[in-house]
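Everything below concerns the one structure shown next.
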Amino acid sequence: MKKNNSSTDNQSYRLGITITEHLLLCEDECPAATGQFTRLLSELIISAKLISREVNKAGLADLLGATGDINVQGEKVLKLDEFANQALIWRMQRSGLLCAMASEENADVIEIPDNMPKGNYVLAFDPLDGSANVDANASIGTIFSIHRRVERTGCGSLDNFLRYGYEQVAAGYFLYGSSTMLVYTAGNGVHGFTLDPSVGEFLLSHRNITMPDRGKIYSVNEAYTEYWDNRTKTVVDYFKSSKNDRGKPYTARYIGALVADFHRNLLFGGIYMYPADRQDPHKPHGKLRLLCEAAPLAFLVEQAGGAATDGRQRILDIKASELHERVPLFIGCKADVEKATEILQDKQ
Ligand code: P6P
């Protein structure tokens with residue numbers, strides 16, 4: 001029987017649910033929706049596609065290595081850090097949806113130029129988290145957090161960023177790995193989209209992501225053990241001797257890119273820890289930033305049924321006191337984070 005090669009046999013015309021269709025469906029279900037959030041996320045997606053393109057060709061386009069600059073965190077700025085930061089700032093400034101931005105790479109609030117329209121939101125972001133991994137071709141990502149503005153009009157001030165984590169209206173990340181993904185929440189669950197580069201669309205691939213109560217993975221940089229206090233050492237020892245629900249030991253996994261470690265633990269179940277350490281007297285609260293790392297991921301993890309604390313309190317209950325405030329972070333499956341927090345508070 002001659003195989004019928006007509007186009008109806010080739011079902012490659014079929015496409016999954018695009019992010020745009022998903023957002024429009026969410027808008028229809030939310031009477032108060034104005035469409036501004038949909039436009040804001042759409043602008044972020046274009047920026048992420050540009051960053052993904054550069055990350056994927058970095059090794060071939062002289063985009064590896066450092067620029068020679070040092071950022072406000074005291075870290076070497078890599079060429080891709082700079083590209084990602086500028087791509088986000090350039091595009092989002094013109095969106096007409098923001099009244100201010102804050103980037104991990106910039107010391108101060110990034111204002112929207114006078115000749116550009118202002119909007120009702122503020123955006124905080126880590127343009128390329130884990131970028132030290134890029135020269136080794138390991139996964140890295142962009143983390144973002146969105147708040148509604150506090151003033152009614154005009155340029156957004158620093159006050160727009162000194163907020164409680166629970167006030168975020170949306171948060172998420174783009175992961176540049178074996179595939180490029182968007183994982184976000186707007187307060188109605190956590191949804192994952194995978195970029196189909198052949199059509200340039202993010203397609204729904206992980207609907208309503210939820211975490212198990214207990215995990216099977218622990219992520220921490222044990223090279224810093226000597227800098228930890230005894231309770232932190234007890235926490236890590238606890239997970240090293242924990243058994244998962246199949247009676248197997250927890251597995252140690254640490255990529256060195258928060259966004260990649262978080263994503264794996266979100267999907268498979270686990271806890272990521274970056275405790276306060278005494279390695280650097282200038283960073284007594286650890287390395288991770290509240291506004292553009294801990295708070296957005298805490299919003300996501302709670303929406304997925306998990307938890308996030310600084311070892312004492314819920315991350316989302318912390319009100320930022322400065323733009324680049326750092327916090328210790330224990331984030332992942334609810335029972336694992338609660339156990340870590342109990343030990344750290346000596347409430348066993
Ligand atoms: P360390 C990357 O610089 C980062 O902020 C996170 O993405 C990552 O989890 C952590 O630092 C790695 O830090 O001290 O273990 O190399």
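Residue numbering restarts at 1 in every chain; chains get A, B, ... in the order shown in the structure tokens, and ligands count up from 1 in that same order.
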
Sorted by chain and rising residue number, which residues of chain A lie within 7 Å of ligand 1, and what are their closest atom pairs and distances in Å to one decimal, counting only C-alpha atoms and all ligand atoms, as CSV?
residue,atom,partner,partner_atom_place_in_ligand_line,distance
A:Asp129,CA,ligand 1,7 (O),4.9
A:Gly130,CA,ligand 1,2 (C),3.9
A:Ser131,CA,ligand 1,2 (C),6.8
A:Ala132,CA,ligand 1,3 (O),6.8
A:Asn221,CA,ligand 1,15 (O),4.9
A:Gly256,CA,ligand 1,12 (C),4.3
A:Ala257,CA,ligand 1,7 (O),3.6
A:Leu258,CA,ligand 1,9 (O),3.5
A:Val259,CA,ligand 1,7 (O),6.1
A:Lys287,CA,ligand 1,5 (O),6.5
A:Leu288,CA,ligand 1,5 (O),5.6

Deliver the residues from the most recent selection as a file, using N, CA and C atoms, as a compact mmCIF listing (two decimals), in the first residue's frame.
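Saved as result12.txt:
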# COMPACT_ATOMS: atom_id res chain seq x y z
N ASP A 129 21.52 34.74 36.45
CA ASP A 129 21.92 34.08 37.69
C ASP A 129 22.78 32.85 37.38
N GLY A 130 23.87 32.73 38.13
CA GLY A 130 24.74 31.57 37.93
C GLY A 130 25.65 31.72 36.73
N SER A 131 25.86 32.98 36.30
CA SER A 131 26.57 33.19 35.01
C SER A 131 28.00 32.66 35.02
N ALA A 132 28.56 32.44 36.21
CA ALA A 132 29.93 31.88 36.25
C ALA A 132 29.94 30.49 35.60
N ASN A 221 26.47 24.12 49.30
CA ASN A 221 27.90 24.08 49.00
C ASN A 221 28.66 23.71 50.27
N GLY A 256 25.47 25.15 41.36
CA GLY A 256 26.14 26.44 41.54
C GLY A 256 25.41 27.54 40.81
N ALA A 257 24.20 27.24 40.36
CA ALA A 257 23.30 28.27 39.81
C ALA A 257 21.96 28.05 40.51
N LEU A 258 21.60 29.03 41.35
CA LEU A 258 20.39 28.89 42.16
C LEU A 258 19.19 28.52 41.31
N VAL A 259 19.05 29.21 40.17
CA VAL A 259 17.84 29.01 39.36
C VAL A 259 17.77 27.58 38.84
N LYS A 287 24.95 34.98 50.79
CA LYS A 287 25.28 35.57 49.48
C LYS A 287 24.05 36.00 48.69
N LEU A 288 22.91 35.37 48.92
CA LEU A 288 21.78 35.56 48.01
C LEU A 288 21.01 36.84 48.32

Could you write out, as JSON, numbers by chain, all the residues of region 84-316 of chain A that DSSP marks as alpha helix (DSSP H)?
{"A": [84, 85, 86, 87, 88, 89, 90, 91, 92, 93, 230, 231, 232, 233, 234, 235, 236, 237, 238, 239, 240, 258, 259, 260, 261, 262, 263, 264, 265, 266, 267, 268, 295, 296, 297, 298, 299, 300, 301, 302, 303]}

Output of the above residues as a compact mmCIF listing (two decimals), in the first residue's frame, restricted to C-alpha atoms:
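Saved file selection18.txt follows:
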# COMPACT_ATOMS: atom_id res chain seq x y z
CA ALA A 84 21.48 40.19 29.55
CA ASN A 85 21.32 43.25 31.80
CA GLN A 86 21.32 45.70 28.91
CA ALA A 87 18.83 43.65 26.89
CA LEU A 88 16.34 43.69 29.77
CA ILE A 89 16.86 47.35 30.66
CA TRP A 90 16.66 48.54 27.01
CA ARG A 91 13.46 46.64 26.25
CA MET A 92 11.60 47.03 29.53
CA GLN A 93 12.30 50.81 29.70
CA ASN A 230 26.79 24.33 64.71
CA ARG A 231 23.04 24.42 64.03
CA THR A 232 23.66 24.85 60.29
CA LYS A 233 26.03 21.87 60.39
CA THR A 234 23.30 19.88 62.18
CA VAL A 235 20.80 20.78 59.43
CA VAL A 236 23.10 19.60 56.64
CA ASP A 237 23.98 16.42 58.59
CA TYR A 238 20.24 15.77 59.01
CA PHE A 239 19.66 15.76 55.24
CA LYS A 240 22.82 13.73 54.62
CA LEU A 258 20.39 28.89 42.16
CA VAL A 259 17.84 29.01 39.36
CA ALA A 260 18.93 25.59 38.02
CA ASP A 261 19.15 23.95 41.47
CA PHE A 262 15.76 25.43 42.37
CA HIS A 263 14.16 24.22 39.13
CA ARG A 264 15.36 20.63 39.59
CA ASN A 265 14.17 20.58 43.21
CA LEU A 266 10.82 22.13 42.21
CA LEU A 267 10.19 19.29 39.74
CA PHE A 268 11.73 16.35 41.64
CA ALA A 295 11.62 36.64 47.28
CA PRO A 296 10.59 35.68 43.70
CA LEU A 297 11.56 32.03 44.22
CA ALA A 298 9.78 32.03 47.60
CA PHE A 299 6.57 33.21 45.86
CA LEU A 300 6.92 30.41 43.30
CA VAL A 301 7.72 27.69 45.85
CA GLU A 302 4.75 28.55 48.07
CA GLN A 303 2.44 28.56 45.06

Taking into account only C-alpha atoms, which residue in the set A:Asn115, A:Asn106, A:Thr38, A:Gln168 is nearest to Gly154 (chain A)?
A:Asn115

Ile271 (chain A) proximity check over A:Phe144, A:Tyr218, A:Tyr184, A:Phe161, using only C-alpha atoms: winner is A:Tyr218

DSSP strand (DSSP E) selection over region 13-180 of chain A, as an MDAnalysis selection string:
chainID A and resid 66:70 76:78 98:103 110:111 121:129 140:148 170:176 180

Would you save the residues of that selection, restricted to C-alpha atoms, as a PDB file, in the first residue's frame?
ATOM      1  CA  ALA A  66      34.701  38.755  31.778  1.00  0.00           C
ATOM      2  CA  THR A  67      34.316  42.380  30.740  1.00  0.00           C
ATOM      3  CA  GLY A  68      36.959  43.473  33.244  1.00  0.00           C
ATOM      4  CA  ASP A  69      34.360  45.320  35.369  1.00  0.00           C
ATOM      5  CA  ILE A  70      33.248  44.598  38.951  1.00  0.00           C
ATOM      6  CA  LYS A  76      33.351  40.020  38.111  1.00  0.00           C
ATOM      7  CA  VAL A  77      30.950  41.106  35.355  1.00  0.00           C
ATOM      8  CA  LEU A  78      30.862  38.572  32.537  1.00  0.00           C
ATOM      9  CA  LEU A  98       7.072  50.144  34.397  1.00  0.00           C
ATOM     10  CA  CYS A  99       7.822  53.176  36.537  1.00  0.00           C
ATOM     11  CA  ALA A 100      11.217  51.824  37.722  1.00  0.00           C
ATOM     12  CA  MET A 101      13.476  48.761  37.666  1.00  0.00           C
ATOM     13  CA  ALA A 102      16.113  47.214  39.937  1.00  0.00           C
ATOM     14  CA  SER A 103      18.842  44.881  38.705  1.00  0.00           C
ATOM     15  CA  ILE A 110      16.989  52.176  37.226  1.00  0.00           C
ATOM     16  CA  GLU A 111      14.735  55.062  36.248  1.00  0.00           C
ATOM     17  CA  TYR A 121       4.523  48.122  37.825  1.00  0.00           C
ATOM     18  CA  VAL A 122       8.109  47.817  39.032  1.00  0.00           C
ATOM     19  CA  LEU A 123      10.448  45.000  38.005  1.00  0.00           C
ATOM     20  CA  ALA A 124      13.380  43.575  39.994  1.00  0.00           C
ATOM     21  CA  PHE A 125      15.618  41.027  38.284  1.00  0.00           C
ATOM     22  CA  ASP A 126      18.819  39.036  38.318  1.00  0.00           C
ATOM     23  CA  PRO A 127      19.661  39.199  34.614  1.00  0.00           C
ATOM     24  CA  LEU A 128      21.856  36.103  34.489  1.00  0.00           C
ATOM     25  CA  ASP A 129      21.919  34.076  37.692  1.00  0.00           C
ATOM     26  CA  ILE A 140      21.922  29.587  34.031  1.00  0.00           C
ATOM     27  CA  GLY A 141      18.860  31.821  34.165  1.00  0.00           C
ATOM     28  CA  THR A 142      17.040  35.124  34.576  1.00  0.00           C
ATOM     29  CA  ILE A 143      14.975  35.607  37.761  1.00  0.00           C
ATOM     30  CA  PHE A 144      12.285  38.307  37.940  1.00  0.00           C
ATOM     31  CA  SER A 145       9.883  39.799  40.492  1.00  0.00           C
ATOM     32  CA  ILE A 146       6.976  42.162  39.774  1.00  0.00           C
ATOM     33  CA  HIS A 147       5.270  44.556  42.198  1.00  0.00           C
ATOM     34  CA  ARG A 148       2.482  47.059  41.549  1.00  0.00           C
ATOM     35  CA  ALA A 170       4.048  37.892  39.862  1.00  0.00           C
ATOM     36  CA  ALA A 171       7.456  36.193  39.835  1.00  0.00           C
ATOM     37  CA  GLY A 172       9.332  33.676  37.753  1.00  0.00           C
ATOM     38  CA  TYR A 173      12.466  32.705  35.922  1.00  0.00           C
ATOM     39  CA  PHE A 174      13.805  31.849  32.477  1.00  0.00           C
ATOM     40  CA  LEU A 175      16.131  28.856  32.498  1.00  0.00           C
ATOM     41  CA  TYR A 176      18.736  28.604  29.725  1.00  0.00           C
ATOM     42  CA  THR A 180      14.924  27.316  27.402  1.00  0.00           C
TER      43      THR A 180
END

If we count only C-alpha atoms, what is near Thr194 (chain A) at a cut-off of 8 Å, once residues fewer than 5 positions away on the same chain are taken out, given as a PDB file with N, CA and C atoms, in the first residue's frame?
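Result went into selection.pdb, see below:
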ATOM      1  N   SER A 179      17.042  22.996  27.360  1.00  0.00           N
ATOM      2  CA  SER A 179      16.027  23.759  26.609  1.00  0.00           C
ATOM      3  C   SER A 179      15.863  25.079  27.366  1.00  0.00           C
ATOM      4  N   THR A 180      15.204  26.039  26.728  1.00  0.00           N
ATOM      5  CA  THR A 180      14.924  27.316  27.402  1.00  0.00           C
ATOM      6  C   THR A 180      13.503  27.259  27.942  1.00  0.00           C
ATOM      7  N   MET A 181      13.355  27.526  29.230  1.00  0.00           N
ATOM      8  CA  MET A 181      12.036  27.433  29.860  1.00  0.00           C
ATOM      9  C   MET A 181      11.670  28.734  30.548  1.00  0.00           C
ATOM     10  N   LEU A 182      10.378  28.954  30.660  1.00  0.00           N
ATOM     11  CA  LEU A 182       9.803  30.005  31.499  1.00  0.00           C
ATOM     12  C   LEU A 182       8.970  29.314  32.563  1.00  0.00           C
ATOM     13  N   PHE A 202       6.957  29.875  23.308  1.00  0.00           N
ATOM     14  CA  PHE A 202       6.980  29.141  24.579  1.00  0.00           C
ATOM     15  C   PHE A 202       5.673  28.356  24.667  1.00  0.00           C
ATOM     16  N   LEU A 203       5.772  27.037  24.760  1.00  0.00           N
ATOM     17  CA  LEU A 203       4.587  26.169  24.807  1.00  0.00           C
ATOM     18  C   LEU A 203       4.411  25.571  26.193  1.00  0.00           C
ATOM     19  N   LEU A 204       3.154  25.500  26.654  1.00  0.00           N
ATOM     20  CA  LEU A 204       2.853  24.970  27.992  1.00  0.00           C
ATOM     21  C   LEU A 204       3.353  23.525  28.091  1.00  0.00           C
ATOM     22  N   SER A 205       4.287  23.298  29.008  1.00  0.00           N
ATOM     23  CA  SER A 205       4.864  21.943  29.149  1.00  0.00           C
ATOM     24  C   SER A 205       4.708  21.397  30.571  1.00  0.00           C
TER      25      SER A 205
END

Given only C-alpha atoms as the counted atoms, nearest of A:Asn188, A:Thr153, A:Thr251, A:Ser198 to Gly215 (chain A):
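Result for the nearest residue to Gly215 (chain A): A:Thr251.
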